[in-house]
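Everything below concerns the one structure shown next.
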Amino acid sequence: MLKRHARAACTALAAAGLLLAGTGGATADPAPAVPSAAATLRTADAAPELLAAMQRDLGLTPTQAKARLAHEAEAGATAARLRDRLGAAFAGAWVDGADSAVLTVATTRAADTAAIRATGARAKLVTRTLADLDGARAALDRAAGPATPVRYVDPRSNTLVVEEAEAGAAARLLAATGTDAALVTVVRTAEAPRPLYYLRGGDAYYMNGSGRCSVGFPVTKGTVNGFATAGHCGRAGTTTTGFNQVAQGSFQASVFPGNDMAWVAANANWSSTPFVKGSGGANVQVAGSVLQPVGASVCRSGSTTGWHCGTIQQHNTSVTYPEGTISGVTRTTVCAEPGDSGGSYISGSQAQGVTSGGSGNCSSGGTTFFQPLNPILSAYGLTLKVSGSDPGPGPGEPEPGGTWKAGTVYAAGATVTHGGSTYRCIQGHQAQTGWEPPNVPALWQRV
């Protein structure tokens with residue numbers, strides 16, 4: 001955790017088309033085209049500042065940066081469909097290559113490999129399911145301390161990785177929890193994660209006139225404007241002032257440790273915008289909240305170090321800070337420093353999460369973790385401020401045509417009805433007008 005005080009994706013499979021029977025030899029009208037995942041996530045509209053930062057931090061050419069965003073959108077949708085199809089045998093997915101053109105999907109069932117390859121992905125046969133490894137990680141979380149500060153599932157190696165800050169700490173943790181050592185890869189680390197304490201994503205704000213953090217993502221709740229941020233930045237009732245030291249609002253709810261989530265309601269002088277502060281202060285548009293796969297590019301905005309990019313390493317990671325353990329965060333290669341806490345993580349135009357903590361710095365590099373945004377939106381009934389579309393009704397408000405509702409946060413596996421059909425969510429996201437299930441096969445699978 002890094003604290004600064006004043007003093008110091010449904011359809012490569014379905015896109016083949018719909019065949020309609022004609023009568024009397026008449027030619028049927030062609031089925032309406034469905035948008036690709038890249039079109040749904042609007043990767044072609046990526047801000048120049050985002051592309052420039054990807055080129056700088058990931059060593060990409062301009063062409064590779066643009067291609068990478070499109071490939072990652074399609075890979076996320078394909079991996080989500082395969083996860084739904086493989087069920088309990090699914091063992092993870094990731095992208096590789098400078099432009100993320102290679103998707104690999106792992107399974108514990110040999111019979112699945114042909115179906116995986118049929119989508120254009122590589123298949124990897126492994127011995128442990130993602131659910132098995134996640135279960136082992138959860139057991140370690142209950143007993144972990146600062147000597148084993150980070151635990152995560154690495155789908156590439158099909159193991160549970162435990163970072164230890166002192167020799168033998170991982171072995172003691174495994175023995176205490178009865179965890180099979182064959183499941184685990186131990187990595188020695190000299191770094192100690194700490195919070196990054198420090199309405200547009202990435203802008204500074206101040207808590208009770210002292211500590212500083214960064215705005216995550218502007219949101220609304222009914223007619224109230226505000227923003228999502230990290231829970232360790234403040235507790236319910238903590239007052240805030242903006243980057244300009246003008247009275248801003250107060251924390252309405254906060255969770256830390258356990259998770260690292262909070263939201264601040266702003267006063268009438270502040271309005272939510274669908275922007276994150278990019279390189280040089282330029283606005284980067286936010287169009288949705290679809291979580292991207294392991295290996296995907298991601299950029300972070302914070303009030304200390306500004307705009308930096310890297311890649312997603314693992315989802316559902318557990319981290320033990322001096323204040324306690326948080327679970328469900330995402331591990332990244334993006335650097336950060338004190339004061340960046342709470343700031344925005346974005347992949348292309350898709351909001352990913354808010355900065356929690358990490359180790360290292362932006363001079364020598366480091367590891368940083370973000371709290372995924374969708375659980376924050378869901379927990380507090382918030383609507384992400386997005387560009388290019390009307391956010392529609394808030395959570396729970398009626399939507400014609402079935403149970404699907406704009407403004408609702410849907411997790412992978414959730415089912416809805418729309419237009420007389422049933423759909424299953426394959427990539428978690430907050431629904432918005434224009435993203436009705438039949439229109440976005442990258443996010444919904446008809447069942």
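Letters A, B, ... go to the chains of the structure tokens in the order shown; residues in each chain start at 1; ligands are counted from 1 in the same order.
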
Quiz item: Got a sec: who's within 8 Å of A:Thr159, counting only C-alpha atoms, leaving out chain neighbours fewer than 4 positions off, as an NGL selection string?
Solution: :A and (128 or 133 or 153-155 or 183-185)

Self-check item: 7 Å contact set for A:Leu384, only C-alpha atoms, chain neighbours under 5 positions out, as number ranges by chain
Solution: A: 218-220

Store the residues picked out above, limited to N, CA and C atoms, as a PDB file, in the first residue's frame.
```pdb
ATOM      1  N   PRO A 218     -15.072   8.501 -12.171  1.00  0.00           N
ATOM      2  CA  PRO A 218     -16.298   9.235 -11.864  1.00  0.00           C
ATOM      3  C   PRO A 218     -17.526   8.344 -12.054  1.00  0.00           C
ATOM      4  N   VAL A 219     -18.480   8.496 -11.137  1.00  0.00           N
ATOM      5  CA  VAL A 219     -19.698   7.684 -11.137  1.00  0.00           C
ATOM      6  C   VAL A 219     -20.880   8.579 -10.788  1.00  0.00           C
ATOM      7  N   THR A 220     -22.053   8.004 -10.912  1.00  0.00           N
ATOM      8  CA  THR A 220     -23.259   8.644 -10.409  1.00  0.00           C
ATOM      9  C   THR A 220     -24.037   7.628  -9.579  1.00  0.00           C
TER      10      THR A 220
END
```

List every residue of stretch 256-310 of chain A that has an atom at most 10 Å from any atom of stretch 353-365 of chain A, giving for each one its closest atom pair and the distance in Å to one decimal, counting only C-alpha atoms, sorted by chain and then by ascending residue number, as CSV.
```
residue,atom,partner,partner_atom,distance
A:Asn259,CA,A:Ser356,CA,9.4
A:Asp260,CA,A:Ser356,CA,6.5
A:Met261,CA,A:Val354,CA,8.1
A:Ala262,CA,A:Val354,CA,9.8
A:Ser289,CA,A:Gly353,CA,8.6
A:Leu291,CA,A:Gly353,CA,8.7
A:Arg300,CA,A:Thr355,CA,7.9
A:Ser301,CA,A:Thr355,CA,8.9
A:Gly302,CA,A:Thr355,CA,8.4
A:Thr305,CA,A:Cys362,CA,7.2
A:Gly306,CA,A:Cys362,CA,10.0
A:His308,CA,A:Cys362,CA,8.5
```

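Nearest-residue note for A:Thr433: choosing from A:Ala406, A:Ala93, A:Leu69, A:Ala412, the minimum distance belongs to A:Ala406, counting only C-alpha atoms.
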
Exercise. Show which residues sit within 10 Å of A:Phe256, as number ranges by chain. Count only C-alpha atoms, and ignore same-chain residues fewer than 2 positions away.
Key: A: 230-235, 254, 258-262, 323-326

How would the residues just chosen look if you wrote them out with N, CA, C and O atoms as an mmCIF file, in the first residue's frame?
```
data_model
loop_
_atom_site.group_PDB
_atom_site.id
_atom_site.type_symbol
_atom_site.label_atom_id
_atom_site.label_comp_id
_atom_site.auth_asym_id
_atom_site.auth_seq_id
_atom_site.Cartn_x
_atom_site.Cartn_y
_atom_site.Cartn_z
ATOM 1 N N ALA A 230 -9.961 3.945 -3.679
ATOM 2 C CA ALA A 230 -9.484 2.877 -2.802
ATOM 3 C C ALA A 230 -10.019 3.054 -1.387
ATOM 4 O O ALA A 230 -10.097 4.180 -0.871
ATOM 5 N N GLY A 231 -10.338 1.938 -0.746
ATOM 6 C CA GLY A 231 -10.876 1.987 0.607
ATOM 7 C C GLY A 231 -9.878 2.455 1.638
ATOM 8 O O GLY A 231 -10.261 3.059 2.652
ATOM 9 N N HIS A 232 -8.587 2.192 1.421
ATOM 10 C CA HIS A 232 -7.611 2.591 2.441
ATOM 11 C C HIS A 232 -7.372 4.094 2.467
ATOM 12 O O HIS A 232 -6.713 4.604 3.363
ATOM 13 N N CYS A 233 -7.941 4.817 1.492
ATOM 14 C CA CYS A 233 -7.768 6.270 1.467
ATOM 15 C C CYS A 233 -8.635 6.982 2.502
ATOM 16 O O CYS A 233 -8.314 8.111 2.905
ATOM 17 N N GLY A 234 -9.731 6.377 2.937
ATOM 18 C CA GLY A 234 -10.588 7.038 3.916
ATOM 19 C C GLY A 234 -11.725 6.151 4.368
ATOM 20 O O GLY A 234 -12.020 5.128 3.753
ATOM 21 N N ARG A 235 -12.345 6.520 5.457
ATOM 22 C CA ARG A 235 -13.498 5.801 6.002
ATOM 23 C C ARG A 235 -14.761 6.619 5.775
ATOM 24 O O ARG A 235 -14.710 7.814 5.466
ATOM 25 N N SER A 254 -16.722 2.510 2.717
ATOM 26 C CA SER A 254 -15.328 2.123 2.517
ATOM 27 C C SER A 254 -15.092 0.743 3.114
ATOM 28 O O SER A 254 -15.615 0.441 4.193
ATOM 29 N N GLY A 258 -9.605 -6.700 3.547
ATOM 30 C CA GLY A 258 -10.603 -7.599 2.971
ATOM 31 C C GLY A 258 -10.706 -7.300 1.493
ATOM 32 O O GLY A 258 -10.333 -8.106 0.652
ATOM 33 N N ASN A 259 -11.242 -6.128 1.151
ATOM 34 C CA ASN A 259 -11.163 -5.533 -0.186
ATOM 35 C C ASN A 259 -10.517 -4.161 -0.029
ATOM 36 O O ASN A 259 -10.090 -3.793 1.064
ATOM 37 N N ASP A 260 -10.444 -3.406 -1.111
ATOM 38 C CA ASP A 260 -9.886 -2.062 -1.040
ATOM 39 C C ASP A 260 -10.761 -1.154 -1.897
ATOM 40 O O ASP A 260 -10.359 -0.684 -2.959
ATOM 41 N N MET A 261 -11.979 -0.910 -1.429
ATOM 42 C CA MET A 261 -12.961 -0.188 -2.240
ATOM 43 C C MET A 261 -13.683 0.874 -1.427
ATOM 44 O O MET A 261 -13.904 0.705 -0.225
ATOM 45 N N ALA A 262 -14.026 1.960 -2.121
ATOM 46 C CA ALA A 262 -14.763 3.044 -1.479
ATOM 47 C C ALA A 262 -15.384 3.912 -2.555
ATOM 48 O O ALA A 262 -15.036 3.818 -3.736
ATOM 49 N N GLU A 323 -1.473 -3.577 7.214
ATOM 50 C CA GLU A 323 -2.793 -3.371 7.810
ATOM 51 C C GLU A 323 -3.707 -4.580 7.710
ATOM 52 O O GLU A 323 -4.776 -4.604 8.321
ATOM 53 N N GLY A 324 -3.351 -5.586 6.891
ATOM 54 C CA GLY A 324 -4.183 -6.771 6.734
ATOM 55 C C GLY A 324 -4.202 -7.267 5.300
ATOM 56 O O GLY A 324 -3.570 -6.680 4.410
ATOM 57 N N THR A 325 -4.944 -8.342 5.072
ATOM 58 C CA THR A 325 -4.994 -9.001 3.764
ATOM 59 C C THR A 325 -6.178 -8.490 2.938
ATOM 60 O O THR A 325 -7.281 -8.297 3.467
ATOM 61 N N ILE A 326 -5.930 -8.273 1.637
ATOM 62 C CA ILE A 326 -7.015 -8.012 0.698
ATOM 63 C C ILE A 326 -6.970 -9.092 -0.371
ATOM 64 O O ILE A 326 -5.897 -9.585 -0.731
#
```

Exercise. Can you check which residues of stretch 157-239 of chain A DSSP gives as helix (DSSP H, G or I) on the backbone and send them as a PyMOL selection string?
Key: chain A and resi 169-177+181-183+231-233

With all heavy atoms retained, could you export that selection as a short mmCIF file (atom, residue, chain, number, x, y, z; two decimals), in the first residue's frame?
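And here's again.cif as it stands now:
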```cif
data_model
loop_
_atom_site.label_atom_id
_atom_site.label_comp_id
_atom_site.auth_asym_id
_atom_site.auth_seq_id
_atom_site.Cartn_x
_atom_site.Cartn_y
_atom_site.Cartn_z
N ALA A 169 9.55 -18.93 4.83
CA ALA A 169 8.22 -18.44 5.21
C ALA A 169 7.13 -19.17 4.44
O ALA A 169 6.06 -19.50 5.00
CB ALA A 169 8.12 -16.94 4.96
N ALA A 170 7.35 -19.42 3.15
CA ALA A 170 6.33 -20.12 2.37
C ALA A 170 6.14 -21.54 2.86
O ALA A 170 5.01 -22.03 2.97
CB ALA A 170 6.71 -20.11 0.89
N ALA A 171 7.23 -22.22 3.15
CA ALA A 171 7.13 -23.59 3.65
C ALA A 171 6.34 -23.65 4.95
O ALA A 171 5.53 -24.56 5.17
CB ALA A 171 8.53 -24.18 3.84
N ARG A 172 6.57 -22.70 5.83
CA ARG A 172 5.82 -22.67 7.10
C ARG A 172 4.33 -22.42 6.84
O ARG A 172 3.47 -23.01 7.51
CB ARG A 172 6.40 -21.59 8.02
CG ARG A 172 7.80 -21.88 8.51
CD ARG A 172 8.20 -20.94 9.63
NE ARG A 172 8.35 -19.56 9.19
CZ ARG A 172 9.46 -19.04 8.69
NH1 ARG A 172 10.54 -19.80 8.53
NH2 ARG A 172 9.51 -17.76 8.34
N LEU A 173 4.02 -21.56 5.88
CA LEU A 173 2.62 -21.29 5.55
C LEU A 173 1.94 -22.53 4.99
O LEU A 173 0.80 -22.86 5.35
CB LEU A 173 2.53 -20.14 4.55
CG LEU A 173 1.13 -19.76 4.06
CD1 LEU A 173 0.25 -19.30 5.21
CD2 LEU A 173 1.22 -18.66 3.00
N LEU A 174 2.63 -23.24 4.09
CA LEU A 174 2.06 -24.47 3.52
C LEU A 174 1.81 -25.52 4.60
O LEU A 174 0.78 -26.19 4.61
CB LEU A 174 2.98 -25.02 2.44
CG LEU A 174 3.28 -24.12 1.24
CD1 LEU A 174 4.09 -24.88 0.20
CD2 LEU A 174 2.01 -23.58 0.61
N ALA A 175 2.78 -25.64 5.51
CA ALA A 175 2.62 -26.63 6.57
C ALA A 175 1.46 -26.27 7.49
O ALA A 175 0.67 -27.14 7.91
CB ALA A 175 3.92 -26.73 7.37
N ALA A 176 1.33 -24.99 7.79
CA ALA A 176 0.27 -24.56 8.71
C ALA A 176 -1.12 -24.76 8.13
O ALA A 176 -2.08 -24.97 8.87
CB ALA A 176 0.47 -23.08 9.06
N THR A 177 -1.23 -24.71 6.81
CA THR A 177 -2.54 -24.85 6.16
C THR A 177 -2.77 -26.22 5.55
O THR A 177 -3.84 -26.48 5.00
CB THR A 177 -2.69 -23.79 5.06
OG1 THR A 177 -1.61 -23.93 4.12
CG2 THR A 177 -2.66 -22.39 5.64
N ALA A 181 2.56 -29.03 -1.34
CA ALA A 181 3.67 -28.24 -1.88
C ALA A 181 3.79 -28.40 -3.39
O ALA A 181 4.35 -27.52 -4.07
CB ALA A 181 4.98 -28.63 -1.21
N ALA A 182 3.25 -29.49 -3.94
CA ALA A 182 3.34 -29.70 -5.39
C ALA A 182 2.52 -28.67 -6.16
O ALA A 182 2.76 -28.46 -7.36
CB ALA A 182 2.87 -31.11 -5.74
N LEU A 183 1.57 -28.03 -5.50
CA LEU A 183 0.74 -27.02 -6.15
C LEU A 183 1.43 -25.67 -6.26
O LEU A 183 0.98 -24.79 -7.00
CB LEU A 183 -0.57 -26.81 -5.37
CG LEU A 183 -1.51 -27.98 -5.18
CD1 LEU A 183 -2.69 -27.56 -4.31
CD2 LEU A 183 -2.00 -28.51 -6.51
N GLY A 231 -10.34 1.94 -0.75
CA GLY A 231 -10.88 1.99 0.61
C GLY A 231 -9.88 2.45 1.64
O GLY A 231 -10.26 3.06 2.65
N HIS A 232 -8.59 2.19 1.42
CA HIS A 232 -7.61 2.59 2.44
C HIS A 232 -7.37 4.09 2.47
O HIS A 232 -6.71 4.60 3.36
CB HIS A 232 -6.28 1.84 2.24
CG HIS A 232 -5.48 2.26 1.05
ND1 HIS A 232 -5.49 1.57 -0.14
CD2 HIS A 232 -4.64 3.30 0.86
CE1 HIS A 232 -4.68 2.17 -1.00
NE2 HIS A 232 -4.14 3.22 -0.41
N CYS A 233 -7.94 4.82 1.49
CA CYS A 233 -7.77 6.27 1.47
C CYS A 233 -8.64 6.98 2.50
O CYS A 233 -8.31 8.11 2.91
CB CYS A 233 -8.09 6.81 0.08
SG CYS A 233 -6.86 6.37 -1.18
#
```

Exercise. Record the distance separating atom CA of A:Pro48 and atom CA of A:His71, expressed in Å with one decimal.
Key: 17.9 Å

Exercise. Please report, as a list in words, each residue of stretch 163-222 of chain A to which DSSP assigns strand (DSSP E) when run on this structure's backbone.
Key: Glu163, Glu164, Val184, Thr185, Val186, Val187, Arg188, Arg194, Pro195, Ala204, Tyr205, Tyr206, Met207, Gly211, Arg212, Cys213, Ser214, Phe217, Pro218, Val219, Thr220 and Lys221 of chain A

Practice problem: Do a neighbour search on A:Thr240 at 7 Å with only C-alpha atoms, toss out local chain neighbours closer than 5 positions, and write the hits as a ChimeraX atom specification. | Solution: /A:205-208,247-250

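Separating atom CA of A:Ala110 from atom CA of A:Trp444 is a distance of 26.4 Å.
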